[in-house]
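The next block is data10.cif, given as mmCIF, N, CA and C atoms.
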data_query
loop_
_atom_site.label_atom_id
_atom_site.label_comp_id
_atom_site.auth_asym_id
_atom_site.auth_seq_id
_atom_site.Cartn_x
_atom_site.Cartn_y
_atom_site.Cartn_z
N MET A 1 9.69 8.96 3.80
CA MET A 1 9.09 7.78 3.22
C MET A 1 9.42 6.59 4.10
N THR A 2 8.44 5.73 4.30
CA THR A 2 8.65 4.48 5.03
C THR A 2 8.27 3.34 4.11
N LEU A 3 9.09 2.32 4.08
CA LEU A 3 8.79 1.10 3.34
C LEU A 3 8.50 0.01 4.35
N ALA A 4 7.46 -0.75 4.11
CA ALA A 4 7.10 -1.81 5.04
C ALA A 4 6.79 -3.09 4.28
N ARG A 5 7.36 -4.17 4.75
CA ARG A 5 6.95 -5.50 4.29
C ARG A 5 5.91 -5.95 5.29
N THR A 6 4.71 -6.11 4.81
CA THR A 6 3.63 -6.35 5.76
C THR A 6 3.07 -7.74 5.71
N GLY A 7 3.75 -8.66 5.10
CA GLY A 7 3.29 -10.04 5.12
C GLY A 7 3.72 -10.79 3.90
N GLY A 8 3.41 -12.05 3.87
CA GLY A 8 3.79 -12.90 2.77
C GLY A 8 2.65 -13.18 1.83
N GLY A 9 1.67 -12.36 1.82
CA GLY A 9 0.50 -12.59 1.00
C GLY A 9 -0.66 -12.95 1.89
N ALA A 10 -1.82 -12.52 1.51
CA ALA A 10 -2.99 -12.71 2.36
C ALA A 10 -3.75 -13.98 2.04
N GLY A 11 -3.35 -14.70 1.05
CA GLY A 11 -4.05 -15.93 0.71
C GLY A 11 -3.94 -16.21 -0.77
N PRO A 12 -4.61 -17.22 -1.23
CA PRO A 12 -4.52 -17.58 -2.64
C PRO A 12 -4.89 -16.41 -3.53
N ASP A 13 -4.19 -16.28 -4.64
CA ASP A 13 -4.42 -15.24 -5.65
C ASP A 13 -4.09 -13.84 -5.17
N ARG A 14 -3.36 -13.69 -4.09
CA ARG A 14 -3.03 -12.34 -3.60
C ARG A 14 -1.57 -11.98 -3.76
N GLY A 15 -0.65 -12.91 -3.76
CA GLY A 15 0.76 -12.57 -3.91
C GLY A 15 1.33 -11.89 -2.67
N ALA A 16 2.63 -11.60 -2.72
CA ALA A 16 3.31 -10.89 -1.64
C ALA A 16 3.33 -9.40 -1.95
N TYR A 17 3.60 -8.57 -0.95
CA TYR A 17 3.57 -7.14 -1.17
C TYR A 17 4.48 -6.38 -0.22
N ALA A 18 4.81 -5.17 -0.63
CA ALA A 18 5.52 -4.21 0.20
C ALA A 18 4.81 -2.88 -0.01
N LEU A 19 4.76 -2.04 1.01
CA LEU A 19 4.10 -0.74 0.92
C LEU A 19 5.10 0.37 1.15
N ALA A 20 5.01 1.42 0.35
CA ALA A 20 5.73 2.66 0.58
C ALA A 20 4.68 3.68 0.99
N TYR A 21 4.95 4.44 2.02
CA TYR A 21 3.95 5.42 2.42
C TYR A 21 4.58 6.64 3.06
N THR A 22 3.84 7.71 2.96
CA THR A 22 4.21 8.96 3.59
C THR A 22 2.92 9.73 3.86
N SER A 23 3.04 10.81 4.58
CA SER A 23 1.89 11.62 4.94
C SER A 23 2.27 13.07 4.70
N ARG A 24 1.30 13.87 4.24
CA ARG A 24 1.60 15.29 4.05
C ARG A 24 0.47 16.14 4.59
N LEU A 25 0.84 17.32 5.05
CA LEU A 25 -0.11 18.27 5.59
C LEU A 25 -0.82 18.98 4.43
N LEU A 26 -2.14 19.09 4.53
CA LEU A 26 -2.94 19.78 3.54
C LEU A 26 -3.20 21.22 3.99
N PRO A 27 -3.52 22.11 3.06
CA PRO A 27 -3.76 23.51 3.43
C PRO A 27 -4.82 23.71 4.52
N ASP A 28 -5.79 22.79 4.60
CA ASP A 28 -6.84 22.95 5.62
C ASP A 28 -6.45 22.39 6.99
N GLY A 29 -5.18 21.96 7.13
CA GLY A 29 -4.71 21.45 8.41
C GLY A 29 -4.88 19.95 8.59
N THR A 30 -5.58 19.29 7.68
CA THR A 30 -5.70 17.83 7.75
C THR A 30 -4.52 17.20 7.01
N ARG A 31 -4.48 15.88 6.99
CA ARG A 31 -3.37 15.18 6.35
C ARG A 31 -3.88 14.23 5.28
N ALA A 32 -3.01 14.01 4.28
CA ALA A 32 -3.27 13.02 3.24
C ALA A 32 -2.15 11.99 3.29
N ALA A 33 -2.51 10.73 3.12
CA ALA A 33 -1.52 9.67 3.06
C ALA A 33 -1.33 9.26 1.60
N LEU A 34 -0.11 8.99 1.24
CA LEU A 34 0.21 8.43 -0.07
C LEU A 34 0.72 7.03 0.18
N ILE A 35 0.05 6.05 -0.37
CA ILE A 35 0.41 4.64 -0.17
C ILE A 35 0.63 4.02 -1.54
N ALA A 36 1.82 3.49 -1.76
CA ALA A 36 2.13 2.83 -3.02
C ALA A 36 2.57 1.41 -2.72
N ALA A 37 2.02 0.47 -3.43
CA ALA A 37 2.32 -0.94 -3.19
C ALA A 37 3.15 -1.51 -4.34
N THR A 38 3.89 -2.54 -4.03
CA THR A 38 4.67 -3.28 -5.02
C THR A 38 4.95 -4.66 -4.45
N THR A 39 5.67 -5.45 -5.20
CA THR A 39 6.09 -6.75 -4.69
C THR A 39 7.44 -6.58 -3.99
N PRO A 40 7.75 -7.38 -3.00
CA PRO A 40 9.04 -7.24 -2.32
C PRO A 40 10.24 -7.48 -3.24
N GLU A 41 10.03 -8.15 -4.35
CA GLU A 41 11.12 -8.43 -5.28
C GLU A 41 11.29 -7.36 -6.35
N ASP A 42 10.52 -6.29 -6.28
CA ASP A 42 10.58 -5.21 -7.26
C ASP A 42 12.02 -4.69 -7.36
N PRO A 43 12.57 -4.55 -8.57
CA PRO A 43 13.93 -4.01 -8.72
C PRO A 43 14.09 -2.60 -8.17
N ALA A 44 13.01 -1.86 -7.98
CA ALA A 44 13.09 -0.52 -7.40
C ALA A 44 13.50 -0.56 -5.93
N LEU A 45 13.36 -1.70 -5.28
CA LEU A 45 13.68 -1.84 -3.86
C LEU A 45 15.08 -2.44 -3.71
N ASP A 46 15.91 -1.78 -2.95
CA ASP A 46 17.27 -2.26 -2.71
C ASP A 46 17.21 -3.51 -1.83
N PRO A 47 17.82 -4.62 -2.26
CA PRO A 47 17.81 -5.83 -1.44
C PRO A 47 18.39 -5.61 -0.04
N ALA A 48 19.28 -4.63 0.12
CA ALA A 48 19.87 -4.35 1.43
C ALA A 48 18.83 -3.86 2.44
N TRP A 49 17.67 -3.41 1.97
CA TRP A 49 16.63 -2.94 2.88
C TRP A 49 15.93 -4.09 3.58
N GLY A 50 16.16 -5.32 3.14
CA GLY A 50 15.63 -6.49 3.83
C GLY A 50 14.13 -6.71 3.66
N LEU A 51 13.57 -6.26 2.56
CA LEU A 51 12.13 -6.40 2.35
C LEU A 51 11.75 -7.67 1.58
N ARG A 52 12.73 -8.36 1.05
CA ARG A 52 12.42 -9.57 0.28
C ARG A 52 11.97 -10.67 1.22
N LEU A 53 11.15 -11.57 0.69
CA LEU A 53 10.58 -12.63 1.50
C LEU A 53 11.11 -13.98 1.07
N ALA A 54 11.22 -14.87 2.04
CA ALA A 54 11.45 -16.26 1.68
C ALA A 54 10.17 -16.75 1.01
N PRO A 55 10.29 -17.56 -0.04
CA PRO A 55 9.07 -18.01 -0.73
C PRO A 55 8.12 -18.73 0.23
N THR A 56 6.85 -18.44 0.09
CA THR A 56 5.81 -19.14 0.83
C THR A 56 4.79 -19.61 -0.18
N ARG A 57 3.84 -20.33 0.30
CA ARG A 57 2.79 -20.85 -0.57
C ARG A 57 2.10 -19.73 -1.37
N TRP A 58 1.95 -18.55 -0.75
CA TRP A 58 1.21 -17.47 -1.40
C TRP A 58 2.07 -16.27 -1.78
N SER A 59 3.41 -16.39 -1.70
CA SER A 59 4.23 -15.21 -1.92
C SER A 59 4.71 -15.03 -3.34
N ASP A 60 4.35 -15.88 -4.26
CA ASP A 60 4.77 -15.74 -5.64
C ASP A 60 4.10 -14.50 -6.24
N PRO A 61 4.91 -13.47 -6.65
CA PRO A 61 4.29 -12.26 -7.17
C PRO A 61 3.40 -12.54 -8.38
N GLY A 62 3.71 -13.58 -9.13
CA GLY A 62 2.90 -13.90 -10.29
C GLY A 62 1.53 -14.45 -9.94
N SER A 63 1.28 -14.73 -8.66
CA SER A 63 0.00 -15.30 -8.28
C SER A 63 -1.06 -14.24 -8.02
N ALA A 64 -0.66 -12.96 -7.93
CA ALA A 64 -1.62 -11.89 -7.65
C ALA A 64 -2.59 -11.75 -8.81
N ARG A 65 -3.87 -11.63 -8.53
CA ARG A 65 -4.89 -11.54 -9.56
C ARG A 65 -5.56 -10.16 -9.60
N ARG A 66 -5.33 -9.34 -8.58
CA ARG A 66 -5.95 -8.02 -8.53
C ARG A 66 -4.84 -6.97 -8.45
N PRO A 67 -5.17 -5.66 -8.58
CA PRO A 67 -4.12 -4.64 -8.40
C PRO A 67 -3.40 -4.85 -7.09
N VAL A 68 -2.08 -4.65 -7.09
CA VAL A 68 -1.27 -5.02 -5.94
C VAL A 68 -1.70 -4.27 -4.67
N TRP A 69 -2.19 -3.04 -4.77
CA TRP A 69 -2.62 -2.36 -3.54
C TRP A 69 -3.90 -2.96 -3.00
N GLU A 70 -4.72 -3.57 -3.85
CA GLU A 70 -5.88 -4.30 -3.34
C GLU A 70 -5.42 -5.56 -2.62
N ASP A 71 -4.38 -6.21 -3.17
CA ASP A 71 -3.81 -7.37 -2.49
C ASP A 71 -3.24 -6.97 -1.14
N ALA A 72 -2.54 -5.84 -1.10
CA ALA A 72 -1.94 -5.39 0.14
C ALA A 72 -3.00 -5.07 1.19
N ALA A 73 -4.11 -4.53 0.75
CA ALA A 73 -5.20 -4.24 1.68
C ALA A 73 -5.87 -5.51 2.18
N ALA A 74 -5.76 -6.57 1.38
CA ALA A 74 -6.40 -7.85 1.72
C ALA A 74 -7.87 -7.63 2.01
N ALA A 75 -8.50 -6.80 1.21
CA ALA A 75 -9.92 -6.51 1.40
C ALA A 75 -10.72 -7.76 1.06
N THR A 76 -11.37 -8.29 2.05
CA THR A 76 -12.13 -9.51 1.87
C THR A 76 -13.53 -9.28 2.38
N PRO A 77 -14.54 -9.58 1.63
CA PRO A 77 -14.49 -10.12 0.28
C PRO A 77 -14.19 -9.02 -0.74
N PRO A 78 -13.91 -9.41 -2.00
CA PRO A 78 -13.71 -8.40 -3.03
C PRO A 78 -15.00 -7.62 -3.25
N GLN A 79 -14.91 -6.58 -4.05
CA GLN A 79 -16.08 -5.73 -4.29
C GLN A 79 -17.25 -6.56 -4.83
N ALA A 80 -18.36 -6.44 -4.13
CA ALA A 80 -19.58 -7.14 -4.57
C ALA A 80 -20.29 -6.28 -5.61
N LYS A 81 -21.09 -6.92 -6.44
CA LYS A 81 -21.83 -6.18 -7.46
C LYS A 81 -22.75 -5.14 -6.84
N SER A 82 -23.25 -5.43 -5.65
CA SER A 82 -24.16 -4.50 -4.99
C SER A 82 -23.44 -3.39 -4.21
N GLU A 83 -22.11 -3.48 -4.09
CA GLU A 83 -21.34 -2.49 -3.33
C GLU A 83 -20.88 -1.37 -4.26
N SER A 84 -21.15 -0.14 -3.88
CA SER A 84 -20.75 0.99 -4.72
C SER A 84 -19.23 1.11 -4.75
N ALA A 85 -18.73 1.75 -5.79
CA ALA A 85 -17.29 1.98 -5.90
C ALA A 85 -16.79 2.82 -4.74
N ASP A 86 -17.57 3.82 -4.32
CA ASP A 86 -17.18 4.67 -3.20
C ASP A 86 -17.10 3.87 -1.90
N ARG A 87 -18.07 3.01 -1.64
CA ARG A 87 -18.07 2.20 -0.42
C ARG A 87 -16.89 1.24 -0.42
N TYR A 88 -16.61 0.63 -1.58
CA TYR A 88 -15.47 -0.28 -1.69
C TYR A 88 -14.16 0.48 -1.45
N ALA A 89 -14.04 1.69 -1.99
CA ALA A 89 -12.84 2.49 -1.79
C ALA A 89 -12.65 2.80 -0.31
N GLN A 90 -13.73 3.10 0.40
CA GLN A 90 -13.65 3.36 1.84
C GLN A 90 -13.15 2.11 2.57
N ARG A 91 -13.65 0.96 2.15
CA ARG A 91 -13.26 -0.31 2.79
C ARG A 91 -11.79 -0.62 2.52
N LEU A 92 -11.32 -0.37 1.29
CA LEU A 92 -9.91 -0.59 0.98
C LEU A 92 -9.02 0.31 1.84
N ALA A 93 -9.39 1.58 1.92
CA ALA A 93 -8.58 2.52 2.71
C ALA A 93 -8.54 2.09 4.18
N ALA A 94 -9.66 1.67 4.72
CA ALA A 94 -9.70 1.22 6.11
C ALA A 94 -8.89 -0.05 6.31
N ALA A 95 -8.84 -0.92 5.30
CA ALA A 95 -8.07 -2.15 5.41
C ALA A 95 -6.57 -1.88 5.34
N LEU A 96 -6.16 -0.84 4.61
CA LEU A 96 -4.74 -0.52 4.50
C LEU A 96 -4.20 0.16 5.76
N ALA A 97 -5.02 0.92 6.44
CA ALA A 97 -4.56 1.72 7.58
C ALA A 97 -3.78 0.92 8.62
N PRO A 98 -4.26 -0.25 9.07
CA PRO A 98 -3.49 -0.98 10.09
C PRO A 98 -2.15 -1.48 9.59
N ARG A 99 -1.96 -1.55 8.28
CA ARG A 99 -0.69 -2.03 7.72
C ARG A 99 0.37 -0.94 7.72
N LEU A 100 0.01 0.29 8.11
CA LEU A 100 0.96 1.40 8.09
C LEU A 100 1.63 1.64 9.43
N ILE A 101 1.48 0.71 10.36
CA ILE A 101 2.14 0.82 11.65
C ILE A 101 3.54 0.23 11.48
N PRO A 102 4.60 1.02 11.75
CA PRO A 102 5.96 0.50 11.56
C PRO A 102 6.21 -0.78 12.38
N THR A 103 6.94 -1.69 11.76
CA THR A 103 7.31 -2.96 12.39
C THR A 103 8.81 -3.17 12.24
N ARG A 104 9.29 -4.31 12.70
CA ARG A 104 10.71 -4.64 12.50
C ARG A 104 11.05 -4.73 11.03
N ALA A 105 10.07 -4.96 10.19
CA ALA A 105 10.31 -5.09 8.75
C ALA A 105 10.17 -3.75 8.01
N SER A 106 10.02 -2.65 8.76
CA SER A 106 9.90 -1.33 8.14
C SER A 106 11.27 -0.70 7.96
N VAL A 107 11.38 0.12 6.90
CA VAL A 107 12.61 0.83 6.60
C VAL A 107 12.25 2.30 6.39
N ASP A 108 12.83 3.20 7.20
CA ASP A 108 12.60 4.63 7.01
C ASP A 108 13.69 5.19 6.10
N LEU A 109 13.25 5.90 5.08
CA LEU A 109 14.16 6.56 4.15
C LEU A 109 13.76 8.04 4.11
N PRO A 110 14.18 8.82 5.12
CA PRO A 110 13.69 10.20 5.24
C PRO A 110 14.10 11.10 4.08
N ALA A 111 15.19 10.78 3.38
CA ALA A 111 15.64 11.64 2.29
C ALA A 111 15.42 10.98 0.92
N ALA A 112 14.53 10.04 0.85
CA ALA A 112 14.31 9.33 -0.41
C ALA A 112 13.45 10.15 -1.38
N THR A 113 13.71 9.95 -2.65
CA THR A 113 12.87 10.47 -3.72
C THR A 113 12.17 9.26 -4.31
N TRP A 114 10.87 9.36 -4.48
CA TRP A 114 10.15 8.22 -5.03
C TRP A 114 9.02 8.67 -5.91
N GLN A 115 8.60 7.76 -6.78
CA GLN A 115 7.48 8.02 -7.68
C GLN A 115 6.48 6.89 -7.56
N ALA A 116 5.21 7.26 -7.70
CA ALA A 116 4.14 6.27 -7.68
C ALA A 116 3.12 6.66 -8.73
N ALA A 117 2.51 5.64 -9.34
CA ALA A 117 1.39 5.85 -10.25
C ALA A 117 0.13 5.74 -9.41
N ILE A 118 -0.60 6.84 -9.25
CA ILE A 118 -1.78 6.85 -8.40
C ILE A 118 -2.97 6.28 -9.17
N ASP A 119 -3.58 5.25 -8.60
CA ASP A 119 -4.75 4.61 -9.21
C ASP A 119 -6.04 5.26 -8.75
N ARG A 120 -6.09 5.70 -7.50
CA ARG A 120 -7.30 6.33 -6.99
C ARG A 120 -7.01 7.15 -5.76
N THR A 121 -7.87 8.11 -5.52
CA THR A 121 -7.83 8.92 -4.31
C THR A 121 -9.13 8.68 -3.57
N VAL A 122 -9.00 8.38 -2.28
CA VAL A 122 -10.16 8.10 -1.44
C VAL A 122 -10.29 9.23 -0.43
N HIS A 123 -11.41 9.95 -0.49
CA HIS A 123 -11.74 10.95 0.51
C HIS A 123 -12.50 10.21 1.61
N LEU A 124 -11.89 10.11 2.78
CA LEU A 124 -12.45 9.30 3.85
C LEU A 124 -13.72 9.91 4.42
N ASP A 125 -14.69 9.05 4.70
CA ASP A 125 -15.94 9.51 5.33
C ASP A 125 -15.68 10.08 6.71
N ALA A 126 -14.71 9.51 7.41
CA ALA A 126 -14.31 9.99 8.73
C ALA A 126 -12.78 9.94 8.78
N PRO A 127 -12.14 10.94 9.38
CA PRO A 127 -10.67 10.93 9.45
C PRO A 127 -10.17 9.65 10.12
N HIS A 128 -9.04 9.15 9.64
CA HIS A 128 -8.42 7.97 10.22
C HIS A 128 -6.95 8.30 10.46
N ALA A 129 -6.52 8.20 11.71
CA ALA A 129 -5.14 8.51 12.11
C ALA A 129 -4.75 9.90 11.61
N GLY A 130 -5.69 10.82 11.65
CA GLY A 130 -5.42 12.19 11.23
C GLY A 130 -5.50 12.42 9.74
N HIS A 131 -5.77 11.39 8.96
CA HIS A 131 -5.84 11.52 7.50
C HIS A 131 -7.29 11.65 7.05
N THR A 132 -7.51 12.56 6.12
CA THR A 132 -8.84 12.73 5.55
C THR A 132 -8.90 12.23 4.11
N ARG A 133 -7.74 11.91 3.57
CA ARG A 133 -7.65 11.47 2.18
C ARG A 133 -6.50 10.49 2.05
N ILE A 134 -6.68 9.49 1.19
CA ILE A 134 -5.62 8.52 0.93
C ILE A 134 -5.48 8.37 -0.58
N HIS A 135 -4.25 8.51 -1.05
CA HIS A 135 -3.93 8.28 -2.46
C HIS A 135 -3.33 6.88 -2.55
N LEU A 136 -3.89 6.03 -3.39
CA LEU A 136 -3.44 4.64 -3.53
C LEU A 136 -2.84 4.44 -4.92
N GLY A 137 -1.72 3.74 -4.98
CA GLY A 137 -1.11 3.50 -6.27
C GLY A 137 -0.07 2.41 -6.24
N ARG A 138 0.73 2.40 -7.30
CA ARG A 138 1.77 1.40 -7.47
C ARG A 138 3.13 2.10 -7.47
N LEU A 139 4.07 1.59 -6.70
CA LEU A 139 5.41 2.17 -6.62
C LEU A 139 6.12 2.01 -7.96
N ILE A 140 6.77 3.09 -8.41
CA ILE A 140 7.53 3.04 -9.67
C ILE A 140 9.02 3.04 -9.40
N THR A 141 9.51 4.04 -8.64
CA THR A 141 10.94 4.14 -8.35
C THR A 141 11.16 4.63 -6.93
N VAL A 142 12.35 4.28 -6.40
CA VAL A 142 12.81 4.78 -5.10
C VAL A 142 14.29 5.06 -5.23
N LYS A 143 14.71 6.24 -4.81
CA LYS A 143 16.13 6.58 -4.81
C LYS A 143 16.47 7.14 -3.44
N GLU A 144 17.33 6.45 -2.73
CA GLU A 144 17.75 6.89 -1.40
C GLU A 144 18.89 7.90 -1.55
N HIS A 145 18.81 9.00 -0.83
CA HIS A 145 19.86 10.05 -0.91
C HIS A 145 20.79 9.95 0.27
#
Show how you would write the structure in this file as structure tokens.
Amino acid sequence: MTLARTGGGAGPDRGAYALAYTSRLLPDGTRAALIAATTPEDPALDPAWGLRLAPTRWSDPGSARRPVWEDAAAATPPQAKSESADRYAQRLAAALAPRLIPTRASVDLPAATWQAAIDRTVHLDAPHAGHTRIHLGRLITVKEH
């Protein structure tokens, strides 16, 4: 499992976020990514991991107006009435992918146990970074072993 603080919020009404992610091999030889988002101040995250943010204009977790993984994706614009749910899901998955590159703010927890509430599964139209499917959700717990 890797935890990443990927910014201080993407703009008004988005809040701050942290992403937990991992990848697993599927029986057909492709890979699925599991991405769970939360706020950097979530009690499930150990402050020693250094994921908390200094307050910024847009980092107040209470300012987020959409599901936190949509905030983390910073999908702009939001889903239009004319955009299908499937097309929007593809766009969200594509927006999250660049945020999964480890940075100085990433923390690897190779022996961690974690839980996430999965909101949706996106079957990608075209593989991205070896992944054919992305599970998106909200982080519930993390326990480092």
Exercise. Considering only C-alpha atoms, state which residue in the set A:Ile134, A:Asp108, A:Gln115, A:Leu25 is at the smallest distance from Thr38 in chain A.
Key: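 Among the listed residues, A:Gln115 lies closest to Thr38 in chain A.
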Quiz item: Hey, which of A:Ala37, A:Ile118, A:Met1, A:Ala44 ends up closest to Thr22 in chain A? Count only N, CA and C atoms.
Solution: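 Between A:Ala37, A:Ile118, A:Met1, A:Ala44, the residue approaching Thr22 in chain A most closely is A:Met1.
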Return as AutoDock Vina command-line options the box centre and box size in Å, one decimal, for an axis-aligned box around all listed atoms of range 115-128 of chain A padded by 6 Å per side.
--center_x -3.7 --center_y 7.8 --center_z 0.1 --size_x 36.5 --size_y 18.3 --size_z 32.7
Exercise. Apply the PyMOL selection byres ((chain A and resi 140) around 5) to the structure shown and report the selected residues as a list in words.
Key: Gln115, Ala116, Arg138, Leu139, Thr141 and Val142 of chain A
Selection dump of the PyMOL selection byres ((chain A and resi 39) around 6), as a PDB file with N, CA and C atoms, keeping the file's coordinate frame:
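Written output follows (selection.pdb):
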ATOM      1  N   ALA A  16       2.630 -11.600  -2.720  1.00  0.00           N
ATOM      2  CA  ALA A  16       3.310 -10.890  -1.640  1.00  0.00           C
ATOM      3  C   ALA A  16       3.330  -9.400  -1.950  1.00  0.00           C
ATOM      4  N   TYR A  17       3.600  -8.570  -0.950  1.00  0.00           N
ATOM      5  CA  TYR A  17       3.570  -7.140  -1.170  1.00  0.00           C
ATOM      6  C   TYR A  17       4.480  -6.380  -0.220  1.00  0.00           C
ATOM      7  N   ALA A  18       4.810  -5.170  -0.630  1.00  0.00           N
ATOM      8  CA  ALA A  18       5.520  -4.210   0.200  1.00  0.00           C
ATOM      9  C   ALA A  18       4.810  -2.880  -0.010  1.00  0.00           C
ATOM     10  N   ALA A  37       2.020   0.470  -3.430  1.00  0.00           N
ATOM     11  CA  ALA A  37       2.320  -0.940  -3.190  1.00  0.00           C
ATOM     12  C   ALA A  37       3.150  -1.510  -4.340  1.00  0.00           C
ATOM     13  N   THR A  38       3.890  -2.540  -4.030  1.00  0.00           N
ATOM     14  CA  THR A  38       4.670  -3.280  -5.020  1.00  0.00           C
ATOM     15  C   THR A  38       4.950  -4.660  -4.450  1.00  0.00           C
ATOM     16  N   PRO A  40       7.750  -7.380  -3.000  1.00  0.00           N
ATOM     17  CA  PRO A  40       9.040  -7.240  -2.320  1.00  0.00           C
ATOM     18  C   PRO A  40      10.240  -7.480  -3.240  1.00  0.00           C
ATOM     19  N   GLU A  41      10.030  -8.150  -4.350  1.00  0.00           N
ATOM     20  CA  GLU A  41      11.120  -8.430  -5.280  1.00  0.00           C
ATOM     21  C   GLU A  41      11.290  -7.360  -6.350  1.00  0.00           C
ATOM     22  N   ASP A  42      10.520  -6.290  -6.280  1.00  0.00           N
ATOM     23  CA  ASP A  42      10.580  -5.210  -7.260  1.00  0.00           C
ATOM     24  C   ASP A  42      12.020  -4.690  -7.360  1.00  0.00           C
TER      25      ASP A  42
END
Exercise. State, in Å with one decimal place, the distance from atom C of Ala33 in chain A to CA of Gly130 in chain A.
Key: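 The value is 10.9 Å.
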Self-check item: Pairwise distance for CA of Arg133 in chain A and atom C of Pro78 in chain A, rounded to one decimal in Å
Solution: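 Value for the CA of Arg133 in chain A-atom C of Pro78 in chain A distance: 21.2 Å.
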Quiz item: Expanded to explicit residues, what is the PyMOL selection byres ((chain A and resi 31) around 8) for this file, as number ranges by chain?
Solution: A: 23-30, 32-34, 129-134
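Taking atom C of Trp49 in chain A and CA of Ala117 in chain A as the two end points, the separation is 22.4 Å.
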Quiz item: Quick one: residues within 6.5 Å of Ala4 in chain A, all atoms listed in the file counted, chain neighbours fewer than 3 positions away excluded, as an NGL selection string?
Solution: :A and (7 or 17-21 or 105-107)
How would the residues just picked look written out with N, CA and C atoms as a PDB file, in the coordinates of the input?
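For reference, selection_30.pdb as written:
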ATOM      1  N   GLY A   7       3.750  -8.660   5.100  1.00  0.00           N
ATOM      2  CA  GLY A   7       3.290 -10.040   5.120  1.00  0.00           C
ATOM      3  C   GLY A   7       3.720 -10.790   3.900  1.00  0.00           C
ATOM      4  N   TYR A  17       3.600  -8.570  -0.950  1.00  0.00           N
ATOM      5  CA  TYR A  17       3.570  -7.140  -1.170  1.00  0.00           C
ATOM      6  C   TYR A  17       4.480  -6.380  -0.220  1.00  0.00           C
ATOM      7  N   ALA A  18       4.810  -5.170  -0.630  1.00  0.00           N
ATOM      8  CA  ALA A  18       5.520  -4.210   0.200  1.00  0.00           C
ATOM      9  C   ALA A  18       4.810  -2.880  -0.010  1.00  0.00           C
ATOM     10  N   LEU A  19       4.760  -2.040   1.010  1.00  0.00           N
ATOM     11  CA  LEU A  19       4.100  -0.740   0.920  1.00  0.00           C
ATOM     12  C   LEU A  19       5.100   0.370   1.150  1.00  0.00           C
ATOM     13  N   ALA A  20       5.010   1.420   0.350  1.00  0.00           N
ATOM     14  CA  ALA A  20       5.730   2.660   0.580  1.00  0.00           C
ATOM     15  C   ALA A  20       4.680   3.680   0.990  1.00  0.00           C
ATOM     16  N   TYR A  21       4.950   4.440   2.020  1.00  0.00           N
ATOM     17  CA  TYR A  21       3.950   5.420   2.420  1.00  0.00           C
ATOM     18  C   TYR A  21       4.580   6.640   3.060  1.00  0.00           C
ATOM     19  N   ALA A 105      10.070  -4.960  10.190  1.00  0.00           N
ATOM     20  CA  ALA A 105      10.310  -5.090   8.750  1.00  0.00           C
ATOM     21  C   ALA A 105      10.170  -3.750   8.010  1.00  0.00           C
ATOM     22  N   SER A 106      10.020  -2.650   8.760  1.00  0.00           N
ATOM     23  CA  SER A 106       9.900  -1.330   8.140  1.00  0.00           C
ATOM     24  C   SER A 106      11.270  -0.700   7.960  1.00  0.00           C
ATOM     25  N   VAL A 107      11.380   0.120   6.900  1.00  0.00           N
ATOM     26  CA  VAL A 107      12.610   0.830   6.600  1.00  0.00           C
ATOM     27  C   VAL A 107      12.250   2.300   6.390  1.00  0.00           C
TER      28      VAL A 107
END
